[in-house]
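File shown here: final-v3.txt, holding compact mmCIF, C-alpha atoms and all ligand atoms.
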# COMPACT_ATOMS: atom_id res chain seq x y z
CA MET F 1051 -4.00 20.48 64.92
CA ALA F 1052 -1.40 18.28 66.59
CA ARG F 1053 0.00 18.33 70.11
CA GLN F 1054 3.75 17.76 70.07
CA GLN F 1055 5.82 15.75 72.57
CA ASP F 1056 7.23 18.96 74.05
CA GLY F 1057 3.69 20.18 74.86
CA SER F 1058 3.49 22.73 72.02
CA TYR F 1059 0.68 22.73 69.43
CA VAL F 1060 1.01 22.81 65.65
CA ILE F 1061 -1.85 24.25 63.63
CA SER F 1062 -1.95 23.67 59.91
CA THR F 1063 -5.45 24.19 58.43
CA HIS F 1064 -6.49 27.46 56.80
CA ARG F 1065 -9.53 27.88 59.01
CA GLU F 1066 -7.77 27.22 62.31
CA ILE F 1067 -4.73 29.34 61.45
CA THR F 1068 -6.98 32.27 60.54
CA ASP F 1069 -9.04 31.85 63.71
CA VAL F 1070 -5.97 31.66 65.92
CA LEU F 1071 -4.20 34.66 64.33
CA ASN F 1072 -7.35 36.72 64.94
CA ASP F 1073 -7.84 35.52 68.52
CA PRO F 1074 -7.10 38.28 71.07
CA HIS F 1075 -6.03 35.62 73.61
CA LEU F 1076 -2.87 34.96 71.65
CA SER F 1077 0.35 36.77 72.45
CA SER F 1078 3.40 37.55 70.30
CA ASP F 1079 5.46 38.36 73.40
CA VAL F 1080 7.79 35.51 74.28
CA ARG F 1081 7.44 36.30 78.00
CA ASN F 1082 3.93 34.82 77.92
CA LEU F 1083 5.21 31.34 77.14
CA SER F 1084 5.40 28.96 80.07
CA GLY F 1085 8.65 27.13 80.80
CA PRO F 1086 12.22 28.34 80.32
CA LEU F 1087 12.13 31.52 78.28
CA PRO F 1088 14.55 32.32 75.45
CA SER F 1089 14.49 35.92 76.75
CA ASP F 1090 12.84 37.82 79.58
CA GLU F 1091 13.67 41.20 78.02
CA PRO F 1092 10.69 43.33 76.93
CA PRO F 1093 10.31 43.19 73.14
CA SER F 1094 11.90 46.11 71.27
CA SER F 1095 9.81 46.14 68.09
CA PHE F 1096 6.04 45.93 67.64
CA ILE F 1097 6.07 42.57 65.82
CA HIS F 1098 6.69 40.99 69.24
CA MET F 1099 4.23 43.16 71.18
CA ASP F 1100 0.56 42.79 71.97
CA SER F 1101 -2.35 45.26 72.07
CA PRO F 1102 -2.54 48.05 73.02
CA GLU F 1103 1.21 48.88 72.76
CA HIS F 1104 1.57 47.04 69.44
CA ASP F 1105 -1.41 48.90 67.97
CA ARG F 1106 -0.13 52.31 69.08
CA LEU F 1107 3.34 51.81 67.58
CA ARG F 1108 1.97 50.25 64.40
CA ARG F 1109 -0.44 53.18 64.00
CA LEU F 1110 2.39 55.67 64.50
CA ALA F 1111 4.55 53.92 61.90
CA MET F 1112 1.68 53.35 59.47
CA ARG F 1113 0.80 57.06 59.50
CA GLN F 1114 3.97 57.55 57.43
CA PHE F 1115 3.81 54.33 55.44
CA GLY F 1116 0.34 53.94 53.97
CA PRO F 1117 -3.36 54.79 53.98
CA PRO F 1118 -5.20 56.69 55.31
CA HIS F 1119 -2.54 59.27 56.30
CA THR F 1120 0.05 58.53 53.56
CA PRO F 1121 -1.98 56.81 50.83
CA GLY F 1122 0.45 57.53 47.97
CA LEU F 1123 3.58 55.88 49.35
CA VAL F 1124 3.71 52.80 47.14
CA ASN F 1125 2.46 54.60 44.01
CA GLY F 1126 5.01 57.33 44.64
CA LEU F 1127 7.79 54.72 44.57
CA GLU F 1128 6.91 53.47 41.08
CA GLY F 1129 9.66 55.48 39.34
CA PHE F 1130 12.30 54.51 41.90
CA LEU F 1131 11.33 50.82 41.75
CA THR F 1132 11.36 50.75 37.95
CA ALA F 1133 14.72 52.53 37.77
CA THR F 1134 16.33 50.33 40.45
CA VAL F 1135 15.08 47.10 38.87
CA GLY F 1136 16.18 48.37 35.44
CA ARG F 1137 19.67 49.17 36.72
CA LEU F 1138 20.03 45.75 38.34
CA VAL F 1139 18.84 43.94 35.21
CA ASP F 1140 21.24 46.06 33.08
CA GLY F 1141 24.02 44.65 35.26
CA LEU F 1142 23.06 41.11 34.23
CA ALA F 1143 23.30 41.88 30.52
CA ASP F 1144 26.72 40.43 29.80
CA GLN F 1145 26.54 37.50 32.15
CA GLU F 1146 25.96 34.04 30.78
CA ARG F 1147 25.51 32.77 34.31
CA ILE F 1148 23.58 34.65 36.98
CA ASP F 1149 22.89 34.00 40.62
CA VAL F 1150 19.42 35.51 40.98
CA VAL F 1151 19.89 35.85 44.75
CA ASP F 1152 23.22 37.70 44.92
CA ASP F 1153 23.04 39.54 41.61
CA PHE F 1154 19.47 40.73 41.82
CA ALA F 1155 17.08 39.71 44.61
CA PHE F 1156 19.32 40.58 47.58
CA PRO F 1157 20.27 44.16 46.61
CA LEU F 1158 16.76 45.20 45.50
CA PRO F 1159 14.73 45.21 48.74
CA LEU F 1160 17.65 46.71 50.61
CA ALA F 1161 17.91 49.62 48.19
CA VAL F 1162 14.13 50.10 48.43
CA THR F 1163 13.91 50.03 52.24
CA CYS F 1164 16.94 52.37 52.57
CA HIS F 1165 15.25 54.77 50.13
CA VAL F 1166 11.94 54.59 52.04
CA LEU F 1167 13.72 55.22 55.35
CA GLY F 1168 15.78 58.07 53.90
CA VAL F 1169 19.15 56.41 54.61
CA PRO F 1170 21.91 58.41 52.84
CA ARG F 1171 23.24 56.74 49.68
CA GLU F 1172 26.78 56.59 51.09
CA ASP F 1173 25.52 54.48 54.01
CA GLU F 1174 23.91 51.85 51.79
CA PRO F 1175 26.95 49.55 51.36
CA ARG F 1176 27.32 49.14 55.12
CA PHE F 1177 23.57 48.68 55.60
CA HIS F 1178 23.87 46.00 52.93
CA ARG F 1179 26.70 44.29 54.85
CA TRP F 1180 24.93 44.53 58.21
CA VAL F 1181 21.64 43.13 56.91
CA HIS F 1182 23.58 40.35 55.17
CA ASP F 1183 25.40 39.43 58.41
CA ILE F 1184 22.18 39.57 60.44
CA MET F 1185 20.33 37.32 58.00
CA ASP F 1186 23.30 34.96 57.76
CA SER F 1187 23.34 34.52 61.52
CA VAL F 1188 19.60 33.79 61.83
CA ASP F 1189 20.02 30.05 61.24
CA TYR F 1190 23.28 29.77 63.23
CA ASP F 1191 23.83 26.20 64.41
CA PRO F 1192 26.51 25.83 67.11
CA ALA F 1193 27.02 22.19 66.09
CA THR F 1194 28.12 23.00 62.54
CA ASP F 1195 28.79 26.72 62.18
CA PRO F 1196 31.84 28.73 63.28
CA LYS F 1197 31.09 30.99 66.25
CA GLU F 1198 32.24 33.91 64.10
CA LYS F 1199 29.01 33.62 62.10
CA ARG F 1200 26.96 34.32 65.21
CA ASP F 1201 29.34 37.03 66.43
CA ARG F 1202 29.16 38.82 63.07
CA GLY F 1203 25.36 38.89 63.40
CA VAL F 1204 25.56 40.31 66.94
CA ARG F 1205 28.02 43.00 65.82
CA ALA F 1206 25.92 43.87 62.79
CA ARG F 1207 22.76 44.35 64.92
CA GLU F 1208 24.67 46.64 67.23
CA ASP F 1209 26.28 48.65 64.38
CA LEU F 1210 22.95 48.99 62.60
CA ARG F 1211 21.22 50.16 65.78
CA ARG F 1212 23.95 52.69 66.48
CA ARG F 1213 23.96 54.17 62.95
CA LEU F 1214 20.15 54.36 62.82
CA GLY F 1215 20.26 56.16 66.19
CA GLU F 1216 22.69 58.73 64.78
CA LEU F 1217 20.52 59.28 61.72
CA VAL F 1218 17.37 59.76 63.82
CA ALA F 1219 19.15 62.25 66.08
CA GLN F 1220 20.25 64.24 63.00
CA ARG F 1221 16.69 64.33 61.64
CA HIS F 1222 15.12 66.13 64.63
CA GLY F 1223 13.82 69.54 63.66
CA ARG F 1224 14.65 68.85 60.01
CA PRO F 1225 11.52 67.33 58.47
CA GLY F 1226 12.33 65.99 55.05
CA HIS F 1227 12.34 62.99 52.78
CA GLY F 1228 12.15 59.57 54.36
CA LEU F 1229 10.43 57.70 57.14
CA LEU F 1230 13.15 58.36 59.74
CA SER F 1231 12.74 62.08 59.32
CA ARG F 1232 8.94 61.97 59.26
CA LEU F 1233 8.73 59.79 62.36
CA ALA F 1234 11.23 61.98 64.23
CA ASN F 1235 9.10 65.07 63.59
CA ASP F 1236 5.52 63.80 63.57
CA ASP F 1237 3.10 64.84 66.31
CA GLY F 1238 -0.02 62.90 65.38
CA PRO F 1239 -2.97 61.96 67.60
CA ASP F 1240 -0.85 59.27 69.32
CA GLY F 1241 1.99 61.65 70.12
CA ARG F 1242 5.55 61.23 68.91
CA MET F 1243 7.57 58.02 68.67
CA THR F 1244 10.61 57.89 70.94
CA ASP F 1245 13.99 57.68 69.24
CA ALA F 1246 14.42 54.11 70.55
CA ASP F 1247 11.09 53.10 68.99
CA ILE F 1248 11.99 54.74 65.67
CA VAL F 1249 15.29 52.83 65.60
CA ALA F 1250 13.56 49.54 66.51
CA THR F 1251 10.90 50.12 63.84
CA ALA F 1252 13.49 50.94 61.17
CA LYS F 1253 15.45 47.80 62.06
CA LEU F 1254 12.24 45.79 61.90
CA LEU F 1255 11.43 47.10 58.42
CA LEU F 1256 14.97 46.40 57.20
CA VAL F 1257 15.00 42.86 58.55
CA ALA F 1258 11.32 41.77 58.20
CA GLY F 1259 11.12 43.28 54.74
CA HIS F 1260 14.37 41.90 53.44
CA GLU F 1261 14.77 38.15 53.24
CA THR F 1262 11.02 37.76 52.78
CA THR F 1263 11.12 39.86 49.60
CA VAL F 1264 14.38 38.23 48.45
CA ASN F 1265 12.66 34.87 48.78
CA LEU F 1266 9.48 35.92 47.00
CA ILE F 1267 11.47 37.15 44.00
CA THR F 1268 13.75 34.09 43.99
CA ASN F 1269 10.95 31.58 44.58
CA GLY F 1270 9.07 33.41 41.83
CA MET F 1271 11.88 33.09 39.30
CA LEU F 1272 12.36 29.43 40.22
CA THR F 1273 8.65 28.73 39.79
CA LEU F 1274 8.55 30.55 36.44
CA LEU F 1275 11.51 28.53 35.17
CA ARG F 1276 9.73 25.36 36.24
CA HIS F 1277 6.61 26.55 34.38
CA PRO F 1278 7.96 27.87 31.05
CA ASP F 1279 4.43 28.25 29.64
CA VAL F 1280 3.66 30.79 32.41
CA LEU F 1281 7.00 32.56 31.83
CA ARG F 1282 6.08 32.94 28.14
CA ARG F 1283 2.61 34.21 29.03
CA LEU F 1284 4.10 36.80 31.41
CA ARG F 1285 6.39 38.11 28.65
CA ASP F 1286 3.42 38.60 26.33
CA ASP F 1287 0.96 39.81 28.96
CA PRO F 1288 2.63 41.77 31.80
CA ASP F 1289 -0.77 42.23 33.55
CA LEU F 1290 -0.59 38.55 34.44
CA VAL F 1291 1.98 39.50 37.09
CA VAL F 1292 -0.67 40.69 39.57
CA PRO F 1293 -2.50 37.35 40.07
CA LEU F 1294 0.81 35.53 39.52
CA VAL F 1295 2.45 37.16 42.55
CA GLU F 1296 -0.64 36.35 44.67
CA GLU F 1297 -0.37 32.73 43.55
CA LEU F 1298 3.34 32.70 44.45
CA LEU F 1299 2.48 33.95 47.93
CA ARG F 1300 0.16 30.96 48.24
CA TYR F 1301 2.14 28.29 46.41
CA GLU F 1302 5.78 29.15 47.31
CA PRO F 1303 5.46 31.52 50.29
CA PRO F 1304 8.62 33.13 51.73
CA VAL F 1305 7.31 32.72 55.30
CA HIS F 1306 6.42 29.06 55.84
CA ILE F 1307 5.89 29.16 59.57
CA ILE F 1308 5.04 31.59 62.34
CA PRO F 1309 7.17 29.70 64.87
CA TRP F 1310 5.30 30.67 67.94
CA ARG F 1311 2.43 32.45 69.57
CA ALA F 1312 1.74 32.10 73.31
CA ALA F 1313 -1.74 31.41 74.69
CA TYR F 1314 -2.60 34.17 77.22
CA SER F 1315 -5.32 31.99 78.70
CA ASP F 1316 -6.79 28.57 77.88
CA ILE F 1317 -8.15 28.73 74.33
CA THR F 1318 -10.26 26.27 72.35
CA VAL F 1319 -9.28 25.40 68.80
CA GLY F 1320 -11.58 22.86 67.16
CA ASP F 1321 -12.22 20.26 69.87
CA THR F 1322 -8.99 20.92 71.72
CA VAL F 1323 -8.39 23.13 74.73
CA ILE F 1324 -4.91 24.62 74.54
CA PRO F 1325 -3.66 25.50 78.03
CA LYS F 1326 -2.45 28.96 78.99
CA GLY F 1327 1.26 29.52 78.28
CA SER F 1328 1.43 26.89 75.52
CA GLN F 1329 3.53 27.52 72.46
CA ILE F 1330 1.48 27.48 69.25
CA THR F 1331 3.18 27.08 65.87
CA LEU F 1332 1.27 28.17 62.79
CA MET F 1333 2.05 26.42 59.51
CA LEU F 1334 1.13 29.22 57.10
CA ALA F 1335 2.40 27.37 54.02
CA SER F 1336 0.29 24.36 54.84
CA GLY F 1337 -2.81 26.53 55.40
CA SER F 1338 -2.27 28.09 51.99
CA ARG F 1339 -2.36 24.61 50.45
CA ASP F 1340 -5.31 23.35 52.49
CA PRO F 1341 -7.48 21.20 50.17
CA ASP F 1342 -10.58 22.20 52.17
CA ARG F 1343 -9.93 25.81 51.24
CA PHE F 1344 -8.28 25.74 47.80
CA HIS F 1345 -9.16 23.78 44.73
CA ASP F 1346 -6.26 21.62 43.50
CA PRO F 1347 -3.94 23.27 46.05
CA ASP F 1348 -0.66 21.74 44.89
CA ARG F 1349 -1.04 23.17 41.39
CA PHE F 1350 0.62 26.51 40.54
CA ASP F 1351 -2.24 28.33 38.88
CA PRO F 1352 -1.82 32.07 38.27
CA ASP F 1353 -5.41 32.18 36.95
CA ARG F 1354 -6.76 31.21 40.37
CA THR F 1355 -9.40 33.74 41.41
CA ASP F 1356 -10.34 32.55 44.91
CA ASN F 1357 -6.94 33.10 46.50
CA GLN F 1358 -7.11 34.23 50.11
CA HIS F 1359 -3.64 32.93 50.93
CA LEU F 1360 -1.86 33.31 54.27
CA GLY F 1361 1.40 34.61 52.76
CA PHE F 1362 1.25 37.83 54.76
CA GLY F 1363 -0.28 36.28 57.88
CA SER F 1364 -3.59 37.54 59.30
CA GLY F 1365 -4.96 39.52 62.24
CA ILE F 1366 -3.33 42.47 63.97
CA HIS F 1367 0.19 41.50 62.83
CA LEU F 1368 -0.80 41.18 59.16
CA CYS F 1369 2.27 42.18 57.16
CA PHE F 1370 2.88 45.88 57.30
CA GLY F 1371 4.85 45.94 54.04
CA GLY F 1372 2.54 43.77 51.89
CA PRO F 1373 1.62 46.45 49.32
CA LEU F 1374 5.28 47.44 48.88
CA ALA F 1375 6.52 43.85 48.65
CA ARG F 1376 3.84 43.04 46.09
CA ARG F 1377 4.66 45.96 43.80
CA GLU F 1378 8.42 45.43 44.13
CA THR F 1379 8.08 41.77 43.19
CA GLN F 1380 5.64 42.48 40.37
CA ILE F 1381 8.08 44.92 38.73
CA ALA F 1382 11.06 42.61 39.36
CA LEU F 1383 9.49 39.50 37.84
CA THR F 1384 8.03 41.37 34.87
CA GLU F 1385 11.45 42.80 34.00
CA LEU F 1386 13.34 39.55 34.55
CA ALA F 1387 10.83 37.71 32.35
CA ARG F 1388 11.01 40.37 29.66
CA ARG F 1389 14.76 40.89 29.53
CA LEU F 1390 16.53 37.65 30.40
CA ASP F 1391 17.44 35.77 27.25
CA GLY F 1392 16.43 32.10 27.28
CA PRO F 1393 17.03 31.64 31.02
CA ALA F 1394 17.41 28.05 32.29
CA LEU F 1395 18.06 26.60 35.72
CA VAL F 1396 21.55 25.28 36.36
CA ALA F 1397 20.39 23.05 39.26
CA ASP F 1398 16.92 21.96 40.24
CA PRO F 1399 16.27 21.99 43.13
CA PRO F 1400 18.70 24.75 44.05
CA PRO F 1401 20.39 24.71 47.49
CA TYR F 1402 18.04 26.05 50.17
CA ARG F 1403 18.59 28.07 53.33
CA ARG F 1404 18.40 25.97 56.46
CA SER F 1405 15.65 27.98 58.13
CA PRO F 1406 12.29 26.18 58.29
CA VAL F 1407 10.63 29.56 58.90
CA LEU F 1408 11.82 31.58 55.91
CA ARG F 1409 11.98 29.40 52.84
CA GLY F 1410 14.10 30.33 49.86
CA PRO F 1411 17.22 29.28 47.95
CA VAL F 1412 20.68 30.33 49.16
CA ARG F 1413 21.53 30.81 45.51
CA LEU F 1414 19.63 30.38 42.26
CA ASP F 1415 22.01 29.88 39.35
CA ILE F 1416 20.60 30.36 35.91
CA ARG F 1417 22.17 30.23 32.48
CA GLN F 1418 21.24 32.69 29.75
CA GLY F 1419 20.96 31.55 26.13
CA GLY F 1420 22.45 34.81 24.93
CA LYS F 1421 22.37 38.29 26.33
CA CYS F 1422 19.71 40.45 27.92
CA ALA F 1423 17.73 42.68 25.60
C1 LIG H 1 7.13 39.02 50.24
C2 LIG H 1 7.52 39.73 51.25
C3 LIG H 1 6.95 39.63 52.63
C4 LIG H 1 6.33 38.57 53.25
C5 LIG H 1 6.00 37.21 52.67
C6 LIG H 1 6.01 39.00 54.60
C7 LIG H 1 5.34 38.22 55.52
C8 LIG H 1 4.96 38.66 56.77
C9 LIG H 1 4.21 37.87 57.72
C10 LIG H 1 3.74 36.45 57.52
C11 LIG H 1 4.02 38.65 58.82
C12 LIG H 1 3.23 38.26 60.08
C13 LIG H 1 4.15 37.89 61.22
C14 LIG H 1 3.40 37.53 62.46
O1 LIG H 1 2.16 37.46 62.47
O2 LIG H 1 4.06 37.28 63.50
C15 LIG H 1 4.67 39.92 58.56
C16 LIG H 1 4.70 40.97 59.46
C17 LIG H 1 5.39 42.13 59.21
N1 LIG H 1 6.00 42.52 58.04
FE1 LIG H 1 6.14 41.46 56.36
N2 LIG H 1 6.47 40.28 54.76
C18 LIG H 1 7.03 40.71 53.57
C19 LIG H 1 7.58 41.94 53.29
C20 LIG H 1 7.62 42.98 54.16
C21 LIG H 1 8.15 44.30 53.86
C22 LIG H 1 8.68 44.75 52.50
C23 LIG H 1 8.08 45.02 55.02
C24 LIG H 1 8.48 46.44 55.30
C25 LIG H 1 9.21 47.19 54.53
C26 LIG H 1 7.49 44.15 56.02
C27 LIG H 1 7.26 44.52 57.32
C28 LIG H 1 6.55 43.76 58.23
C29 LIG H 1 6.28 44.20 59.59
C30 LIG H 1 6.71 45.54 60.21
C31 LIG H 1 5.55 43.18 60.20
C32 LIG H 1 4.99 43.19 61.62
C33 LIG H 1 3.57 43.71 61.60
C34 LIG H 1 2.96 43.78 62.97
O3 LIG H 1 3.48 43.17 63.91
O4 LIG H 1 1.94 44.47 63.11
N3 LIG H 1 7.22 42.94 55.47
N4 LIG H 1 5.22 39.89 57.31

Would you write the structure of this file as structure tokens?
Amino acid sequence: MARQQDGSYVISTHREITDVLNDPHLSSDVRNLSGPLPSDEPPSSFIHMDSPEHDRLRRLAMRQFGPPHTPGLVNGLEGFLTATVGRLVDGLADQERIDVVDDFAFPLPLAVTCHVLGVPREDEPRFHRWVHDIMDSVDYDPATDPKEKRDRGVRAREDLRRRLGELVAQRHGRPGHGLLSRLANDDGPDGRMTDADIVATAKLLLVAGHETTVNLITNGMLTLLRHPDVLRRLRDDPDLVVPLVEELLRYEPPVHIIPWRAAYSDITVGDTVIPKGSQITLMLASGSRDPDRFHDPDRFDPDRTDNQHLGFGSGIHLCFGGPLARRETQIALTELARRLDGPALVADPPPYRRSPVLRGPVRLDIRQGGKCA
């Protein structure tokens, strides 16, 4: 752990990151930081809330998203995932040059999350545009970027919120396919979610589940092209994809950093007392390459068996969409490996996004030797 000049603390070992993420004295609500606050608004979605409100909203959402109440969600998506990946790979067939990000990885998670939410097909292009503009504005830098980039992001958030609100209002009393409809009509043991919470949760799934999955697929393709022996093995043995995706989450994780948690009270980490209100930054990617936890940590090894990586975080905020992201990426990489013809990187390294938090290429250009099968 290291104390920074600004008084914040950076934690980078596997053990300490895991301990801190499971410590109930840590807050995800920015209002618990000391000093000038970036916002004093109450958080709108549960990723920035603490117990018990976080737990209640997560339970309400999870009732419709996974076990024990909806255990078949990811399995039930198998046909949709396979068809959507197949359609996207078909679209690459005649292209000698492909940008894996724009042509494949970006549209996939968006189509999947819209399907899971029950967003009408005709709305998908604008959801695509809004999520694009939101993600594009995340690393806005006033020193170098036009103000329009930030304004587009603000407008897109507002348009997305408004359209989701309309869809939720239409779903009342009409239980049917999709999470929006099920949340709007569910009276479980915790009661019903308010419309504002349903909208905030849907936005969270669209945003938290998007660039992360884009990056896992893109980082995965990049890593496979840098390890042609593994790419060949995956073509011959598709079952390899399961440990391979786990190893990608460790070796090239889409979320490098949890930029902050706030200490509710003084907490002790190792020999250090971290004062109440301090900002704590968790270096997940570094923890997943901690030599005290992983053998030969800088080696990409899809045969690794002891692989408790931090790719999805840990503790009460452990990624909500992990099982979906895993299956989506497994199907995507298997199909890309099987059907791309002699793919090769055009530039290595590719250009990266500026964000230190979410790591992935802006574009990943590859050349095909011939055509897709
Ligand atoms: C490879 C893809 C993904 C990665 C690497 C990833 C990573 C993470 C990480 C590290 C966290 C913890 C954040 C924290 O502790 O502050 C998180 C939380 C979350 N993720 Fe993911 N995620 C991925 C995909 C998804 C998908 C597909 C969805 C939904 C469709 C999703 C929804 C969420 C939500 C709702 C949370 C907040 C959970 C909570 O606060 O209880 N994620 N994710």

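Atom FE1 of ligand LIG 1 (chain H) is positioned 21.9 Å from CA of His1075 (chain F).
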
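Relative to CA of Val1139 (chain F), CA of Gln1418 (chain F) is found at 12.7 Å.
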
Here is a test: counting all atoms listed in the file, which residue of F:Phe1362, F:Tyr1059, F:Phe1344, F:Tyr1301 is nearest to ligand LIG 1 (chain H)? F:Phe1362

Counting only C-alpha atoms, closest pick from F:Cys1369, F:Ala1312, F:Ala1387, F:Leu1374 relative to Arg1283 (chain F) is F:Ala1387

Within 6 Å of ligand LIG 1 (chain H) (only C-alpha atoms and all ligand atoms), residues as a list in words: Phe1096, Ile1097, Arg1108, Thr1163, Leu1254, Leu1255, Ala1258, Gly1259, Thr1262, Thr1263, Leu1266, Pro1304, Val1305, Ile1308, Gly1361, Phe1362, Gly1363, Ile1366, His1367, Leu1368, Cys1369, Phe1370, Gly1371, Gly1372, Leu1374 and Ala1375 of chain F

Please list as a PyMOL selection string every residue within 8 Å of Val1218 (chain F), counting all atoms listed in the file and excluding residues in the same chain fewer than 2 positions away. chain F and resi 1214-1216+1220-1222+1230-1231+1234+1245+1248-1249

Which residue, F:Leu1127, F:Ala1155, F:Leu1334, F:Val1135, has the smallest gap to Glu1261 (chain F) when you use only C-alpha atoms? F:Ala1155

Shell around Arg1409 (chain F) at 10 Å using all atoms listed in the file, local window under 3 positions removed, as a PyMOL selection string: chain F and resi 1261-1262+1265-1266+1269+1302-1307+1335+1402-1406+1412

Residue with smallest distance to Leu1138 (chain F) - pool F:Arg1389, F:Arg1413, F:Arg1300, F:His1260, counting all atoms listed in the file: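 For Leu1138 (chain F), the nearest of the given residues is F:Arg1389.
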
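Distances to Gly1419 (chain F) were evaluated for F:Arg1311, F:His1178, F:Arg1147, F:Arg1276 using all atoms listed in the file, and the minimum falls at F:Arg1147.
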
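Interatomic distance, CA of Gly1228 (chain F) to CA of Cys1164 (chain F): 8.8 Å.
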
Ranking F:Pro1401, F:Asp1073, F:Leu1408, F:Leu1360 by minimum distance to Asp1149 (chain F) and counting only C-alpha atoms, which one comes first?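 For Asp1149 (chain F), the nearest of the candidates is F:Pro1401.
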
Extract, using only C-alpha atoms, all DNA, RNA and protein residues at most 10 Å from Val1257 (chain F), discarding same-chain residues fewer than 5 positions from it, and format them as a VMD selection string. chain F and resid 1160 1163 1181 to 1182 1184 to 1185 1251 to 1252 1262

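Distance cut-off 9 Å, centre (0.2, 29.3, 60.1), atoms counted all atoms listed in the file; the residues meeting this are Val1060, Ile1061, Ser1062, Thr1063, His1064, Glu1066, Ile1067, Thr1068, Val1070, Leu1071, His1306, Ile1307, Ile1308, Pro1309, Thr1331, Leu1332, Met1333, Leu1334, Ala1335, Ser1336, Gly1337, Ser1338, Leu1360 and Gly1363 of chain F.
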
Since the input has fewer atoms than a full residue there, write region 1214-1227 of chain F out with N, CA and C atoms, as an mmCIF file, in the coordinates of the input.
data_model
loop_
_atom_site.group_PDB
_atom_site.id
_atom_site.type_symbol
_atom_site.label_atom_id
_atom_site.label_comp_id
_atom_site.auth_asym_id
_atom_site.auth_seq_id
_atom_site.Cartn_x
_atom_site.Cartn_y
_atom_site.Cartn_z
ATOM 1 N N LEU F 1214 21.534 53.860 62.947
ATOM 2 C CA LEU F 1214 20.150 54.360 62.820
ATOM 3 C C LEU F 1214 19.898 55.422 63.897
ATOM 4 N N GLY F 1215 20.428 55.197 65.100
ATOM 5 C CA GLY F 1215 20.260 56.160 66.190
ATOM 6 C C GLY F 1215 20.864 57.513 65.817
ATOM 7 N N GLU F 1216 22.057 57.472 65.193
ATOM 8 C CA GLU F 1216 22.690 58.730 64.780
ATOM 9 C C GLU F 1216 21.838 59.437 63.732
ATOM 10 N N LEU F 1217 21.322 58.656 62.790
ATOM 11 C CA LEU F 1217 20.520 59.280 61.720
ATOM 12 C C LEU F 1217 19.250 59.907 62.289
ATOM 13 N N VAL F 1218 18.597 59.209 63.226
ATOM 14 C CA VAL F 1218 17.370 59.760 63.820
ATOM 15 C C VAL F 1218 17.689 61.055 64.558
ATOM 16 N N ALA F 1219 18.786 61.037 65.320
ATOM 17 C CA ALA F 1219 19.150 62.250 66.080
ATOM 18 C C ALA F 1219 19.379 63.428 65.126
ATOM 19 N N GLN F 1220 20.005 63.146 63.974
ATOM 20 C CA GLN F 1220 20.250 64.240 63.000
ATOM 21 C C GLN F 1220 18.959 64.769 62.382
ATOM 22 N N ARG F 1221 17.911 63.931 62.347
ATOM 23 C CA ARG F 1221 16.690 64.330 61.640
ATOM 24 C C ARG F 1221 15.772 65.231 62.475
ATOM 25 N N HIS F 1222 16.006 65.309 63.794
ATOM 26 C CA HIS F 1222 15.120 66.130 64.630
ATOM 27 C C HIS F 1222 15.120 67.570 64.166
ATOM 28 N N GLY F 1223 13.925 68.134 64.057
ATOM 29 C CA GLY F 1223 13.820 69.540 63.660
ATOM 30 C C GLY F 1223 14.118 69.775 62.192
ATOM 31 N N ARG F 1224 14.376 68.678 61.450
ATOM 32 C CA ARG F 1224 14.650 68.850 60.010
ATOM 33 C C ARG F 1224 13.758 67.918 59.207
ATOM 34 N N PRO F 1225 12.433 68.212 59.193
ATOM 35 C CA PRO F 1225 11.520 67.330 58.470
ATOM 36 C C PRO F 1225 11.929 67.277 56.994
ATOM 37 N N GLY F 1226 11.928 66.096 56.459
ATOM 38 C CA GLY F 1226 12.330 65.990 55.050
ATOM 39 C C GLY F 1226 11.960 64.633 54.518
ATOM 40 N N HIS F 1227 12.635 64.257 53.453
ATOM 41 C CA HIS F 1227 12.340 62.990 52.780
ATOM 42 C C HIS F 1227 12.657 61.797 53.718
#
